[in-house]
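Q: Input: one structure, supplied below.
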Amino acid sequence: MTMSVRTAAEARPLGRVFRLPGVYRPQEDTALLSGVLAADTSIGCGKRCADLGTGSGALAIALARTGATVVAADISMRALASAWMNTVLRALPIGLIRGGLPETVEAGPYDVVAANPPYVPSPVPAVRSSRAWDAGPDGRAMLDPLCAAAPSLLTRTGALYLVQSTMSDVDKTRFALAAGGLRSEVVARAEVPFGPVVSGRLDYLIDRGFVRPGERTEELVVLRAAR
Ligand SMILES: C[S@@+](CC[C@H](N)C(=O)[O-])C[C@H]1O[C@@H](n2cnc3c(N)ncnc32)[C@H](O)[C@@H]1O
């Protein structure tokens, strides 16, 4: 299954999203992953799902709309409050977890885990206002721990769906997942123009070889990983 961002975005429009200041606005990565989740007909009633790093709750909503039981985790209280508001407005029951991987693992395992983690390489450590996207010098500050924890997040037949930029090394993600006994495949791709975060640090990204001079787009990839 490979879908374009346009198809993904059209899969089921999210509608108006309430966001407290500083909470990640659902973007192309959100839409790409959300479309993939909506297209997976195995997700539905009786399935237990988690949205790790839920932000405004967009992916949790995509999962809950299938009838699945969903928990949404985020390190940010503002994100959790926004996700709560968005799910209440849609009358979707979703459990909230304040925290990250350890807390989500503890509440698991899950049939499906969705994650749109921070993955933009950053010259400086993430701070509160940038932790939705800044992910350390190689963009893998959350991707690596997520891959390592993936087997303990999933039931025996569970699947992890994660979205990242090719800038933050998709092969490394796949190797790390394989090291935990998970087979992965790319299930969706989209070429998107650089947003303000990447545009604002182009010199750094070119300097470190993440972006070629003259490039103005990046590729987003959704991976599906399972045993
Ligand atoms: C790229 S945003 C994605 C938001 C939302 N899932 C979406 O797709 O629109 C990443 C989210 O991860 C959260 N986050 C960052 N580091 C985290 C961590 N260590 N544990 C849990 N959540 C984290 C941020 O607060 C942010 O809401």
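To be explicit about the labels: the chains of the structure tokens are called A, B, and onward in the order shown, and within each one the residues are counted from 1, while ligands get numbers from 1 in the order they are shown.
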List the neighbours of A:Thr104 out to 12 Å using only C-alpha atoms; skip same-chain residues closer than 4 positions along the sequence, and give me the result as an NGL selection string.
A: :A and (49-54 or 70-75 or 95-100 or 108-110 or 113-115 or 146 or 149-150 or 152-154)
Q: Quick one: everything within 8 Å of stretch 56-61 of chain A, counting only C-alpha atoms, minus sequence neighbours fewer than 6 positions away in the same chain. Send it as a short mmCIF file (atom, residue, chain, number, x, y, z; two decimals) with N, CA and C atoms, in the first residue's frame.
A:
```
data_model
loop_
_atom_site.label_atom_id
_atom_site.label_comp_id
_atom_site.auth_asym_id
_atom_site.auth_seq_id
_atom_site.Cartn_x
_atom_site.Cartn_y
_atom_site.Cartn_z
N LEU A 14 -10.05 16.25 8.97
CA LEU A 14 -10.07 16.34 10.43
C LEU A 14 -11.05 17.42 10.89
N VAL A 17 -9.54 22.21 14.26
CA VAL A 17 -8.78 21.62 15.37
C VAL A 17 -8.47 22.70 16.40
N PHE A 18 -8.84 22.42 17.63
CA PHE A 18 -8.52 23.34 18.72
C PHE A 18 -7.08 23.10 19.16
N ARG A 19 -6.30 24.18 19.31
CA ARG A 19 -4.91 24.04 19.75
C ARG A 19 -4.55 25.15 20.70
N VAL A 23 1.14 24.19 20.64
CA VAL A 23 0.82 22.79 20.27
C VAL A 23 0.94 22.64 18.75
N TYR A 24 1.53 21.53 18.34
CA TYR A 24 1.82 21.26 16.92
C TYR A 24 0.54 21.32 16.08
N ARG A 25 0.60 22.11 15.02
CA ARG A 25 -0.53 22.17 14.09
C ARG A 25 -0.45 20.94 13.19
N PRO A 26 -1.54 20.18 13.04
CA PRO A 26 -1.49 19.01 12.15
C PRO A 26 -1.02 19.44 10.76
N THR A 30 1.20 14.62 9.58
CA THR A 30 0.00 14.17 10.27
C THR A 30 -1.00 13.58 9.27
N LEU A 33 0.13 10.13 7.72
CA LEU A 33 -0.05 9.00 8.65
C LEU A 33 -1.54 8.76 8.93
N SER A 34 -2.27 9.84 9.09
CA SER A 34 -3.70 9.70 9.36
C SER A 34 -4.41 8.95 8.22
N ALA A 50 -2.54 3.16 20.52
CA ALA A 50 -1.91 4.29 21.20
C ALA A 50 -1.42 5.29 20.16
N VAL A 70 -8.56 3.87 22.34
CA VAL A 70 -7.35 4.64 22.07
C VAL A 70 -6.84 5.35 23.32
N VAL A 71 -5.51 5.27 23.52
CA VAL A 71 -4.87 6.16 24.49
C VAL A 71 -3.94 7.10 23.73
N ALA A 72 -3.87 8.34 24.22
CA ALA A 72 -3.03 9.36 23.58
C ALA A 72 -2.04 9.87 24.61
N ALA A 79 -0.61 20.06 25.01
CA ALA A 79 -1.01 19.12 23.96
C ALA A 79 -2.15 18.24 24.47
N LEU A 80 -1.99 17.72 25.67
CA LEU A 80 -3.02 16.82 26.21
C LEU A 80 -4.35 17.55 26.37
N SER A 82 -5.35 20.07 24.61
CA SER A 82 -5.88 20.30 23.26
C SER A 82 -6.49 19.01 22.71
N ALA A 83 -5.77 17.90 22.91
CA ALA A 83 -6.27 16.62 22.42
C ALA A 83 -7.60 16.28 23.12
N TRP A 84 -7.65 16.53 24.42
CA TRP A 84 -8.88 16.26 25.17
C TRP A 84 -10.04 17.04 24.58
N ASN A 86 -10.36 18.34 21.59
CA ASN A 86 -10.72 17.90 20.23
C ASN A 86 -11.49 16.58 20.22
N THR A 87 -11.16 15.71 21.16
CA THR A 87 -11.88 14.44 21.19
C THR A 87 -13.26 14.60 21.83
N LEU A 92 -15.57 11.44 21.06
CA LEU A 92 -14.76 10.22 20.94
C LEU A 92 -14.07 9.96 22.27
N ILE A 94 -11.30 8.90 24.55
CA ILE A 94 -9.87 8.61 24.41
C ILE A 94 -9.21 8.77 25.77
N ALA A 114 0.58 4.47 16.78
CA ALA A 114 0.86 5.50 15.76
C ALA A 114 1.78 6.53 16.38
#
```
Q: So which bits of stretch 33-70 of chain A end up strand (DSSP E or B) when you DSSP the backbone, as a list of chain:residue names?
A: A:Arg48, A:Cys49, A:Ala50, A:Asp51, A:Leu52, A:Thr69, A:Val70
Q: Produce a file of the selected residues containing N, CA, C and O atoms, as a PDB file, in the first residue's frame.
A:
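To be explicit, this is the file written out as again.pdb:
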```pdb
ATOM      1  N   ARG A  48      -6.846  -2.243  20.501  1.00  0.00           N
ATOM      2  CA  ARG A  48      -6.332  -1.289  21.485  1.00  0.00           C
ATOM      3  C   ARG A  48      -5.177  -0.526  20.838  1.00  0.00           C
ATOM      4  O   ARG A  48      -4.214  -1.137  20.367  1.00  0.00           O
ATOM      5  N   CYS A  49      -5.303   0.788  20.791  1.00  0.00           N
ATOM      6  CA  CYS A  49      -4.337   1.602  20.049  1.00  0.00           C
ATOM      7  C   CYS A  49      -3.740   2.699  20.921  1.00  0.00           C
ATOM      8  O   CYS A  49      -4.353   3.131  21.903  1.00  0.00           O
ATOM      9  N   ALA A  50      -2.536   3.160  20.519  1.00  0.00           N
ATOM     10  CA  ALA A  50      -1.906   4.295  21.201  1.00  0.00           C
ATOM     11  C   ALA A  50      -1.421   5.289  20.165  1.00  0.00           C
ATOM     12  O   ALA A  50      -0.959   4.913  19.091  1.00  0.00           O
ATOM     13  N   ASP A  51      -1.548   6.556  20.505  1.00  0.00           N
ATOM     14  CA  ASP A  51      -0.980   7.648  19.701  1.00  0.00           C
ATOM     15  C   ASP A  51       0.103   8.278  20.560  1.00  0.00           C
ATOM     16  O   ASP A  51      -0.186   8.927  21.562  1.00  0.00           O
ATOM     17  N   LEU A  52       1.345   8.052  20.168  1.00  0.00           N
ATOM     18  CA  LEU A  52       2.480   8.514  20.968  1.00  0.00           C
ATOM     19  C   LEU A  52       2.933   9.891  20.479  1.00  0.00           C
ATOM     20  O   LEU A  52       3.324  10.038  19.326  1.00  0.00           O
ATOM     21  N   THR A  69     -10.250   1.273  20.754  1.00  0.00           N
ATOM     22  CA  THR A  69      -9.982   1.918  22.045  1.00  0.00           C
ATOM     23  C   THR A  69      -8.624   2.602  21.942  1.00  0.00           C
ATOM     24  O   THR A  69      -7.653   1.974  21.521  1.00  0.00           O
ATOM     25  N   VAL A  70      -8.562   3.867  22.341  1.00  0.00           N
ATOM     26  CA  VAL A  70      -7.347   4.643  22.072  1.00  0.00           C
ATOM     27  C   VAL A  70      -6.837   5.355  23.323  1.00  0.00           C
ATOM     28  O   VAL A  70      -7.616   5.940  24.078  1.00  0.00           O
TER      29      VAL A  70
END
```
Q: For the atom pair atom CA of A:Leu162 and atom CA of A:Ala91, what is the interatomic distance in Å to one decimal place?
A: 25.7 Å
Q: From the list A:Met167, A:Leu89, A:Leu205, A:Val112, which residue is nearest A:Thr155 when using only C-alpha atoms?
A: A:Val112
